[in-house]
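Engineer: Below is the file structure-v4.csv, with CSV, C-alpha atoms and all ligand atoms.
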```
chain,number,residue,atom,x,y,z
A,281,MET,CA,90.6,-23.8,120.0
A,282,SER,CA,89.6,-21.0,122.4
A,283,THR,CA,86.1,-20.6,123.8
A,284,ARG,CA,85.5,-17.6,121.6
A,285,ASN,CA,86.6,-19.4,118.4
A,286,ALA,CA,84.6,-22.5,119.3
A,287,ILE,CA,81.3,-20.6,119.6
A,288,GLU,CA,82.1,-18.4,116.6
A,289,ASP,CA,82.8,-21.5,114.6
A,290,LEU,CA,79.5,-23.0,115.7
A,291,PHE,CA,77.7,-19.7,114.7
A,292,ARG,CA,79.3,-19.8,111.3
A,293,ARG,CA,78.1,-23.4,110.7
A,294,ARG,CA,74.5,-22.3,111.5
A,295,THR,CA,74.4,-19.6,108.8
A,296,ARG,CA,74.0,-19.3,105.1
A,297,PRO,CA,75.0,-16.2,103.0
A,298,ALA,CA,71.9,-14.5,101.6
A,299,GLY,CA,73.5,-12.1,99.1
A,300,ASP,CA,74.4,-8.4,99.5
A,301,GLY,CA,76.4,-9.2,102.6
A,302,HIS,CA,73.3,-10.5,104.5
A,303,LEU,CA,73.4,-13.7,106.5
A,304,ASN,CA,70.5,-16.1,107.1
A,305,TRP,CA,70.2,-18.1,110.3
A,306,THR,CA,69.7,-21.8,109.7
A,307,GLY,CA,69.8,-22.8,113.3
A,308,TYR,CA,67.3,-22.7,116.1
A,309,ARG,CA,64.9,-19.9,116.8
A,310,ASN,CA,62.9,-19.5,120.0
A,311,LYS,CA,59.2,-18.8,120.1
A,312,LYS,CA,59.8,-15.1,119.8
A,313,GLY,CA,61.8,-15.8,116.6
A,314,THR,CA,65.1,-14.9,118.1
A,315,ALA,CA,68.0,-16.8,116.6
A,316,THR,CA,69.7,-18.7,119.4
A,317,LEU,CA,72.6,-21.0,119.7
A,318,HIS,CA,72.9,-23.6,122.4
A,319,TRP,CA,76.5,-23.9,123.6
A,320,ASN,CA,78.2,-25.0,126.8
A,321,GLY,CA,74.9,-25.5,128.7
A,322,SER,CA,73.2,-22.2,127.9
A,323,ASN,CA,71.5,-20.4,125.0
A,324,HIS,CA,73.2,-17.5,123.3
A,325,SER,CA,71.6,-14.9,121.0
A,326,ALA,CA,73.1,-15.3,117.5
A,327,LEU,CA,73.1,-11.6,117.0
A,328,ARG,CA,75.1,-11.1,120.2
A,329,ILE,CA,77.6,-13.5,118.9
A,330,ALA,CA,77.5,-11.7,115.5
A,331,TYR,CA,78.1,-8.4,117.4
A,332,ARG,CA,81.0,-9.9,119.3
A,333,ILE,CA,82.6,-11.2,116.1
A,334,ARG,CA,82.5,-7.7,114.6
A,335,THR,CA,83.6,-5.7,117.7
A,336,GLY,CA,85.4,-8.2,119.9
A,337,SER,CA,83.1,-7.2,122.9
A,338,ASP,CA,79.5,-7.8,124.1
A,339,PRO,CA,76.9,-5.2,123.4
A,340,ILE,CA,75.7,-3.0,126.3
A,341,GLY,CA,72.1,-3.1,125.3
A,342,TYR,CA,70.4,-5.6,123.0
A,343,ALA,CA,72.1,-6.8,119.8
A,344,HIS,CA,69.9,-6.0,116.7
A,345,ALA,CA,70.3,-6.0,113.0
A,346,THR,CA,70.7,-2.6,111.2
A,347,CYS,CA,69.7,-3.9,107.8
A,348,GLU,CA,66.3,-4.6,106.3
A,349,HIS,CA,67.0,-8.2,105.4
A,350,PRO,CA,64.6,-10.2,107.7
A,351,GLY,CA,66.3,-12.2,110.3
A,352,CYS,CA,69.8,-11.2,109.2
A,353,VAL,CA,72.7,-12.2,111.5
A,354,ALA,CA,75.6,-10.8,109.5
A,355,PRO,CA,78.2,-9.5,112.0
A,356,LYS,CA,78.7,-6.4,109.9
A,357,HIS,CA,74.9,-5.6,110.3
A,358,ALA,CA,74.8,-6.3,114.1
A,359,ALA,CA,74.6,-3.3,116.3
A,360,ASP,CA,74.2,-2.4,120.0
A,361,SER,CA,70.8,-0.9,120.9
A,362,ALA,CA,72.6,1.2,123.5
A,363,VAL,CA,74.7,2.8,120.7
A,364,THR,CA,72.6,2.5,117.6
A,365,PRO,CA,68.8,2.7,117.9
A,366,ARG,CA,66.8,-0.1,116.5
A,367,ARG,CA,65.4,0.7,113.0
A,368,GLY,CA,61.6,0.7,112.6
A,369,HIS,CA,61.2,-0.5,116.2
A,370,HIS,CA,58.3,-2.8,115.6
A,371,THR,CA,56.5,-4.1,118.6
A,372,GLY,CA,57.4,-7.6,117.6
A,373,PRO,CA,60.6,-9.5,118.5
A,374,ILE,CA,63.9,-8.1,117.4
A,375,ASN,CA,64.4,-10.9,114.9
A,376,ARG,CA,61.1,-11.4,113.1
A,377,GLN,CA,60.8,-14.6,111.0
A,378,PRO,CA,62.5,-14.0,107.7
A,379,ASN,CA,60.1,-13.7,104.9
A,380,SER,CA,61.7,-15.1,101.8
A,381,SER,CA,61.1,-13.7,98.3
A,382,ASP,CA,58.9,-15.5,95.7
A,383,ASP,CA,62.1,-16.0,93.6
A,384,GLN,CA,63.8,-17.8,96.5
A,385,VAL,CA,60.8,-20.1,96.8
A,386,LYS,CA,60.6,-20.7,93.1
A,387,ALA,CA,64.3,-21.5,92.9
A,388,LEU,CA,63.8,-24.3,95.4
A,389,LEU,CA,60.6,-25.5,93.7
A,390,ARG,CA,62.6,-26.0,90.5
A,391,GLU,CA,65.1,-28.1,92.6
A,392,GLU,CA,62.1,-30.4,93.3
A,393,LEU,CA,62.0,-29.8,97.0
A,394,SER,CA,58.7,-30.5,98.8
A,395,ASP,CA,56.4,-27.7,100.1
A,396,ARG,CA,57.4,-28.7,103.6
A,397,GLN,CA,61.1,-28.8,102.9
A,398,ILE,CA,60.9,-25.4,101.3
A,399,GLY,CA,58.8,-24.0,104.1
A,400,LYS,CA,61.3,-25.2,106.7
A,401,ARG,CA,64.3,-24.0,104.8
A,402,LEU,CA,63.0,-20.5,104.1
A,403,ARG,CA,60.9,-20.3,107.2
A,404,THR,CA,57.7,-19.6,105.2
A,405,SER,CA,54.3,-21.2,105.1
A,406,PRO,CA,54.0,-24.4,103.1
A,407,LYS,CA,50.6,-23.1,101.9
A,408,ARG,CA,52.4,-20.1,100.3
A,409,VAL,CA,54.8,-22.5,98.7
A,410,ALA,CA,51.9,-24.6,97.3
A,411,ALA,CA,50.3,-21.5,95.8
A,412,LEU,CA,53.6,-20.6,94.0
A,413,ARG,CA,54.0,-24.3,92.9
A,414,ALA,CA,50.5,-24.1,91.3
A,415,GLU,CA,51.4,-20.9,89.6
A,416,LEU,CA,54.5,-22.5,88.0
A,417,GLY,CA,52.7,-25.7,87.2
A,418,ILE,CA,55.2,-27.9,89.0
A,419,PRO,CA,53.7,-31.2,90.2
A,420,SER,CA,53.9,-31.7,94.0
A,421,ARG,CA,55.3,-35.2,93.7
A,422,PRO,CA,58.5,-35.0,91.7
A,423,VAL,CA,58.4,-37.4,88.7
A,424,THR,CA,61.7,-39.2,88.4
A,425,PHE,CA,63.2,-40.3,85.1
A,426,GLU,CA,62.7,-43.9,86.2
A,427,GLY,CA,59.0,-43.1,86.8
A,428,ARG,CA,58.6,-41.6,83.3
A,429,TRP,CA,60.6,-44.5,81.8
A,430,ASP,CA,58.3,-47.1,83.3
A,431,ALA,CA,55.2,-45.2,82.2
A,432,ASN,CA,56.4,-44.9,78.6
A,433,THR,CA,58.0,-48.3,77.8
A,434,GLU,CA,57.0,-51.9,77.4
A,435,PRO,CA,58.9,-55.1,76.7
A,436,ALA,CA,58.8,-56.3,73.0
A,437,ASP,CA,59.5,-59.7,71.5
A,438,GLY,CA,63.2,-60.4,70.9
A,439,GLY,CA,64.4,-58.8,74.1
A,440,HIS,CA,63.7,-55.2,72.9
A,441,ILE,CA,62.1,-52.5,74.8
A,442,ARG,CA,59.5,-50.4,72.9
A,443,TRP,CA,59.0,-46.7,73.5
A,444,THR,CA,55.3,-46.1,73.8
A,445,GLY,CA,55.6,-42.4,74.7
A,446,ARG,CA,55.9,-39.3,72.7
A,447,PHE,CA,58.0,-39.0,69.5
A,448,ARG,CA,59.7,-35.9,68.2
A,449,ALA,CA,60.1,-35.4,64.5
A,450,GLY,CA,58.1,-38.6,63.8
A,451,SER,CA,60.6,-41.2,65.1
A,452,ASN,CA,62.7,-39.8,67.9
A,453,PRO,CA,61.5,-40.8,71.4
A,454,ALA,CA,61.1,-37.6,73.5
A,455,ILE,CA,60.8,-36.9,77.2
A,456,ALA,CA,60.7,-34.0,79.5
A,457,HIS,CA,63.7,-34.2,81.8
A,458,GLU,CA,64.9,-31.6,84.3
A,459,GLY,CA,62.9,-28.9,82.5
A,460,ARG,CA,64.2,-29.8,79.0
A,461,ASP,CA,62.8,-31.8,76.1
A,462,THR,CA,65.3,-34.5,75.6
A,463,SER,CA,65.9,-38.0,74.2
A,464,PRO,CA,65.2,-40.9,76.7
A,465,ARG,CA,67.8,-42.8,74.6
A,466,ARG,CA,70.4,-40.3,75.4
A,467,ILE,CA,69.7,-40.4,79.1
A,468,ALA,CA,69.5,-44.2,79.2
A,469,PHE,CA,72.8,-44.4,77.2
A,470,GLU,CA,74.6,-42.1,79.6
A,471,ARG,CA,73.4,-44.0,82.6
A,472,LEU,CA,74.5,-47.4,81.2
A,473,HIS,CA,77.9,-46.3,80.0
A,474,GLY,CA,78.7,-43.6,82.5
A,475,ARG,CA,79.5,-41.0,79.8
A,476,PRO,CA,77.5,-38.7,77.6
A,477,ALA,CA,76.6,-39.9,74.2
A,478,VAL,CA,78.4,-38.4,71.2
A,479,GLY,CA,76.3,-37.8,68.1
A,480,ARG,CA,72.9,-39.5,67.6
A,481,VAL,CA,71.9,-42.4,69.8
A,482,LEU,CA,70.1,-45.1,67.8
A,483,PRO,CA,69.2,-48.7,68.4
A,484,GLY,CA,71.8,-50.9,66.8
A,485,CYS,CA,69.5,-53.9,67.0
A,486,GLY,CA,67.5,-52.9,64.0
A,487,TYR,CA,64.2,-52.6,65.9
A,488,GLY,CA,63.0,-49.1,65.2
A,489,PRO,CA,61.3,-48.1,68.4
A,490,CYS,CA,63.8,-49.9,70.7
A,491,VAL,CA,65.1,-48.0,73.7
A,492,ARG,CA,66.7,-50.9,75.5
A,493,PRO,CA,69.9,-49.3,76.9
A,494,GLU,CA,72.1,-52.3,75.9
A,495,HIS,CA,70.9,-52.0,72.3
A,496,LEU,CA,71.7,-48.3,71.9
A,497,GLU,CA,74.7,-47.0,70.1
A,498,ASP,CA,76.2,-43.5,69.7
A,499,GLN,CA,78.5,-42.4,66.8
A,500,PRO,CA,81.9,-43.6,68.4
A,501,MET,CA,80.4,-47.0,68.9
A,502,ARG,CA,79.1,-47.2,65.3
A,503,ASP,CA,82.5,-46.0,64.1
A,504,GLN,CA,84.3,-48.7,66.1
A,505,LEU,CA,81.9,-51.3,64.9
A,506,ALA,CA,82.4,-50.2,61.3
A,507,SER,CA,86.2,-50.5,61.6
A,508,GLN,CA,85.9,-53.9,63.3
A,509,TYR,CA,83.6,-55.0,60.4
A,510,ALA,CA,86.1,-53.6,57.9
A,511,ALA,CA,89.0,-55.4,59.6
A,512,ILE,CA,87.1,-58.7,59.4
A,513,PHE,CA,85.4,-58.3,56.1
A,514,GLY,CA,87.5,-55.8,54.3
A,515,GLU,CA,86.6,-52.3,53.3
A,516,VAL,CA,83.4,-52.0,51.3
A,517,ALA,CA,83.6,-49.5,48.6
A,518,ALA,CA,81.2,-46.6,49.1
B,1,ZN,ZN,71.9,-7.9,106.8
B,2,ZN,ZN,66.4,-53.6,70.6
```
Can the structure from this file be put into C-alpha cells for me?

Structural biologist:
Amino acid sequence: MSTRNAIEDLFRRRTRPAGDGHLNWTGYRNKKGTATLHWNGSNHSALRIAYRIRTGSDPIGYAHATCEHPGCVAPKHAADSAVTPRRGHHTGPINRQPNSSDDQVKALLREELSDRQIGKRLRTSPKRVAALRAELGIPSRPVTFEGRWDANTEPADGGHIRWTGRFRAGSNPAIAHEGRDTSPRRIAFERLHGRPAVGRVLPGCGYGPCVRPEHLEDQPMRDQLASQYAAIFGEVAA
C-alpha cells in the first residue's frame, strides 16, 4: 500500500458519515478543536488529508470545510483558504467542536448509552445529555430484562416461579422491554429455546402464574404434545 493510501485509509477509519454527504471525525482533536491524525511520527490535519483525497494535492493555504455541518471532514467539502475564502470566518478555530442535534442525542439515549458515552461520541456536554434524558424520562442506569425479571418474580412451591409483577388483561404477565409492553414469558421462552415463540406462551405445568422458562410452552409445543398423547392414548373425540 502506498504512503498516500495508507494515510487515507487511516483517515477513513476515523470518520463516520453524518448524512447529507457530511462526515464526522471520530478521531483525535487538539485543544483548538482541529481534527488531527497521528501518522508516521507527526500530526496531520484531517481536513488537509480530506482536501488531498479530493484534489490529489496539498492546499496552498489552510484546509477548511465549506459546509455548515460542524466539524465536517468530508473531502467534497474541504477547500483551500487560498482559493475559497472561509465561510463565516469566526474568530475561533477552523474546526469548532461539532454540536450535535437534540435528535442525535435522543437516538443514542434510546440505545441506552450513558451520558458520558453520548457526550464523548457526539462531542457534547454530558449535562446537556442528562437534561434531554430527563425530558424523555429515560432512567440513567439502564434496567436490563434480568433486573426486571429478578424484581418481579419469586420461587413458588413445586419448582415453579411466580410472577409478582404487573398483569395485562387480568392474567397475562406484562413487562416493559425495549420500549414496548410485552410478555416476560415470551422473552424467557425465546431466551431458553433460541427461537421466537409461536402463538401464546402459557405454563404447561398447570400453575397459573408460573413463568419458569422450562415450564412454558408455545403452540407448536402444545401441538406436538397433543399428537404424542394421541399416539399413546388414541384420539379423544372432540
Ligand atoms: Zn460537510
Ligand atoms: Zn410451573

Engineer: Using all atoms listed in the file, find each residue in chain A having at least one atom no more than 10 Å away from ligand ZN 1 (chain B); report its shortest atom-to-atom pair and that distance in Å (one decimal), rows by chain then rising number, as JSON lines.

Structural biologist:
```
{"residue": "A:Pro297", "atom": "CA", "partner": "B:ZN1", "partner_atom": "ZN", "distance": 9.6}
{"residue": "A:Ala298", "atom": "CA", "partner": "B:ZN1", "partner_atom": "ZN", "distance": 8.4}
{"residue": "A:Gly299", "atom": "CA", "partner": "B:ZN1", "partner_atom": "ZN", "distance": 8.9}
{"residue": "A:Asp300", "atom": "CA", "partner": "B:ZN1", "partner_atom": "ZN", "distance": 7.7}
{"residue": "A:Gly301", "atom": "CA", "partner": "B:ZN1", "partner_atom": "ZN", "distance": 6.3}
{"residue": "A:His302", "atom": "CA", "partner": "B:ZN1", "partner_atom": "ZN", "distance": 3.7}
{"residue": "A:Leu303", "atom": "CA", "partner": "B:ZN1", "partner_atom": "ZN", "distance": 6.0}
{"residue": "A:Asn304", "atom": "CA", "partner": "B:ZN1", "partner_atom": "ZN", "distance": 8.3}
{"residue": "A:Ala345", "atom": "CA", "partner": "B:ZN1", "partner_atom": "ZN", "distance": 6.7}
{"residue": "A:Thr346", "atom": "CA", "partner": "B:ZN1", "partner_atom": "ZN", "distance": 7.0}
{"residue": "A:Cys347", "atom": "CA", "partner": "B:ZN1", "partner_atom": "ZN", "distance": 4.7}
{"residue": "A:Glu348", "atom": "CA", "partner": "B:ZN1", "partner_atom": "ZN", "distance": 6.5}
{"residue": "A:His349", "atom": "CA", "partner": "B:ZN1", "partner_atom": "ZN", "distance": 5.1}
{"residue": "A:Pro350", "atom": "CA", "partner": "B:ZN1", "partner_atom": "ZN", "distance": 7.7}
{"residue": "A:Gly351", "atom": "CA", "partner": "B:ZN1", "partner_atom": "ZN", "distance": 7.9}
{"residue": "A:Cys352", "atom": "CA", "partner": "B:ZN1", "partner_atom": "ZN", "distance": 4.6}
{"residue": "A:Val353", "atom": "CA", "partner": "B:ZN1", "partner_atom": "ZN", "distance": 6.4}
{"residue": "A:Ala354", "atom": "CA", "partner": "B:ZN1", "partner_atom": "ZN", "distance": 5.4}
{"residue": "A:Pro355", "atom": "CA", "partner": "B:ZN1", "partner_atom": "ZN", "distance": 8.3}
{"residue": "A:Lys356", "atom": "CA", "partner": "B:ZN1", "partner_atom": "ZN", "distance": 7.6}
{"residue": "A:His357", "atom": "CA", "partner": "B:ZN1", "partner_atom": "ZN", "distance": 5.2}
{"residue": "A:Ala358", "atom": "CA", "partner": "B:ZN1", "partner_atom": "ZN", "distance": 8.0}
```

Engineer: Would you mind listing, for every residue of chain A within 8 Å of ligand ZN 2 (chain B), the two atoms forming the shortest contact and the distance between them in Å to one decimal, using only C-alpha atoms and all ligand atoms, sorted by chain and ascending residue number, as a Markdown table?

Structural biologist:
```
| residue | atom | partner | partner_atom | distance |
| --- | --- | --- | --- | --- |
| A:Gly438 | CA | B:ZN2 | ZN | 7.5 |
| A:Gly439 | CA | B:ZN2 | ZN | 6.6 |
| A:His440 | CA | B:ZN2 | ZN | 3.9 |
| A:Ile441 | CA | B:ZN2 | ZN | 6.1 |
| A:Arg442 | CA | B:ZN2 | ZN | 7.9 |
| A:Pro483 | CA | B:ZN2 | ZN | 6.1 |
| A:Gly484 | CA | B:ZN2 | ZN | 7.1 |
| A:Cys485 | CA | B:ZN2 | ZN | 4.8 |
| A:Gly486 | CA | B:ZN2 | ZN | 6.7 |
| A:Tyr487 | CA | B:ZN2 | ZN | 5.3 |
| A:Gly488 | CA | B:ZN2 | ZN | 7.8 |
| A:Pro489 | CA | B:ZN2 | ZN | 7.8 |
| A:Cys490 | CA | B:ZN2 | ZN | 4.5 |
| A:Val491 | CA | B:ZN2 | ZN | 6.5 |
| A:Arg492 | CA | B:ZN2 | ZN | 5.6 |
| A:Glu494 | CA | B:ZN2 | ZN | 7.9 |
| A:His495 | CA | B:ZN2 | ZN | 5.1 |
| A:Leu496 | CA | B:ZN2 | ZN | 7.6 |
```

Engineer: I'd like the neighbourhood of region 328-336 of chain A as a PyMOL selection string, where a residue qualifies if any of its atoms comes within 12 Å (using all atoms listed in the file), though same-chain residues fewer than 2 positions away should be ignored.

Structural biologist: chain A and resi 284-292+294-295+302-305+314-319+323-326+338-346+352-361+374-375

Engineer: Report, in Å with one decimal, the straight-line distance from CA of Ala477 (chain A) to CA of Asp498 (chain A).

Structural biologist: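 Taking CA of Ala477 (chain A) and CA of Asp498 (chain A), their separation equals 5.8 Å.
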
Engineer: Which one is closest to Ala468 (chain A): A:Glu426, A:Asp383, A:Asp437, A:Asp503? Count all atoms listed in the file.

Structural biologist: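 Going through A:Glu426, A:Asp383, A:Asp437, A:Asp503 one by one, the smallest distance to Ala468 (chain A) is for A:Glu426.
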
Engineer: Hey, can you check how far CA of Gln384 (chain A) sits from CA of His457 (chain A)?

Structural biologist: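 Here the two named atoms are 22.0 Å from each other.
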
Engineer: Just to confirm, what's the straight-line distance from CA of Val481 (chain A) to CA of Gln504 (chain A) in Å (one decimal)?

Structural biologist: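 Interatomic distance, CA of Val481 (chain A) to CA of Gln504 (chain A): 14.4 Å.
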
Engineer: Between A:Ser337, A:Lys386, A:Pro476, A:Ala431, which residue has the minimum interatomic distance to Ala414 (chain A), considering only C-alpha atoms?

Structural biologist: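 Smallest distance to Ala414 (chain A) is found for A:Lys386.
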
Engineer: Of the residues A:Pro493, A:Glu470, A:Ala456, A:Arg480, which is the one nearest to Gly427 (chain A), using only C-alpha atoms?

Structural biologist: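 For Gly427 (chain A), the nearest of the candidates is A:Ala456.
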
Engineer: Please, what is the axis-aligned box for every listed atom of region 325-334 of chain A with 3 Å on each side, as centre and edge lengths in Å to one decimal, as lines of an AutoDock Vina configuration file?

Structural biologist:
```
center_x = 77.1
center_y = -11.5
center_z = 117.8
size_x = 17.0
size_y = 13.6
size_z = 12.4
```

Engineer: What would region 469-483 of chain A look like with N, CA and C atoms restored, written as a PDB file, in the frame of the given file?

Structural biologist:
```
ATOM      1  N   PHE A 469      71.416 -44.110  77.693  1.00  0.00           N
ATOM      2  CA  PHE A 469      72.800 -44.400  77.200  1.00  0.00           C
ATOM      3  C   PHE A 469      73.800 -43.934  78.246  1.00  0.00           C
ATOM      4  N   GLU A 470      73.621 -42.686  78.665  1.00  0.00           N
ATOM      5  CA  GLU A 470      74.600 -42.100  79.600  1.00  0.00           C
ATOM      6  C   GLU A 470      74.604 -42.844  80.923  1.00  0.00           C
ATOM      7  N   ARG A 471      73.427 -43.274  81.366  1.00  0.00           N
ATOM      8  CA  ARG A 471      73.400 -44.000  82.600  1.00  0.00           C
ATOM      9  C   ARG A 471      74.031 -45.365  82.529  1.00  0.00           C
ATOM     10  N   LEU A 472      73.871 -46.025  81.385  1.00  0.00           N
ATOM     11  CA  LEU A 472      74.500 -47.400  81.200  1.00  0.00           C
ATOM     12  C   LEU A 472      75.987 -47.267  81.092  1.00  0.00           C
ATOM     13  N   HIS A 473      76.453 -46.299  80.288  1.00  0.00           N
ATOM     14  CA  HIS A 473      77.900 -46.300  80.000  1.00  0.00           C
ATOM     15  C   HIS A 473      78.682 -45.311  80.847  1.00  0.00           C
ATOM     16  N   GLY A 474      77.975 -44.481  81.594  1.00  0.00           N
ATOM     17  CA  GLY A 474      78.700 -43.600  82.500  1.00  0.00           C
ATOM     18  C   GLY A 474      79.394 -42.446  81.734  1.00  0.00           C
ATOM     19  N   ARG A 475      78.988 -42.189  80.502  1.00  0.00           N
ATOM     20  CA  ARG A 475      79.500 -41.000  79.800  1.00  0.00           C
ATOM     21  C   ARG A 475      78.448 -40.501  78.844  1.00  0.00           C
ATOM     22  N   PRO A 476      78.530 -39.212  78.519  1.00  0.00           N
ATOM     23  CA  PRO A 476      77.500 -38.700  77.600  1.00  0.00           C
ATOM     24  C   PRO A 476      77.679 -39.259  76.215  1.00  0.00           C
ATOM     25  N   ALA A 477      76.567 -39.424  75.535  1.00  0.00           N
ATOM     26  CA  ALA A 477      76.600 -39.900  74.200  1.00  0.00           C
ATOM     27  C   ALA A 477      77.146 -38.866  73.235  1.00  0.00           C
ATOM     28  N   VAL A 478      77.837 -39.315  72.173  1.00  0.00           N
ATOM     29  CA  VAL A 478      78.400 -38.400  71.200  1.00  0.00           C
ATOM     30  C   VAL A 478      77.607 -38.654  69.859  1.00  0.00           C
ATOM     31  N   GLY A 479      77.059 -37.614  69.288  1.00  0.00           N
ATOM     32  CA  GLY A 479      76.300 -37.800  68.100  1.00  0.00           C
ATOM     33  C   GLY A 479      74.911 -38.399  68.398  1.00  0.00           C
ATOM     34  N   ARG A 480      74.241 -38.926  67.395  1.00  0.00           N
ATOM     35  CA  ARG A 480      72.900 -39.500  67.600  1.00  0.00           C
ATOM     36  C   ARG A 480      72.978 -40.824  68.338  1.00  0.00           C
ATOM     37  N   VAL A 481      71.961 -41.079  69.149  1.00  0.00           N
ATOM     38  CA  VAL A 481      71.900 -42.400  69.800  1.00  0.00           C
ATOM     39  C   VAL A 481      70.738 -43.155  69.149  1.00  0.00           C
ATOM     40  N   LEU A 482      71.099 -44.293  68.548  1.00  0.00           N
ATOM     41  CA  LEU A 482      70.100 -45.100  67.800  1.00  0.00           C
ATOM     42  C   LEU A 482      70.228 -46.544  68.182  1.00  0.00           C
ATOM     43  N   PRO A 483      69.117 -47.271  68.050  1.00  0.00           N
ATOM     44  CA  PRO A 483      69.200 -48.700  68.400  1.00  0.00           C
ATOM     45  C   PRO A 483      70.009 -49.431  67.304  1.00  0.00           C
TER      46      PRO A 483
END
```
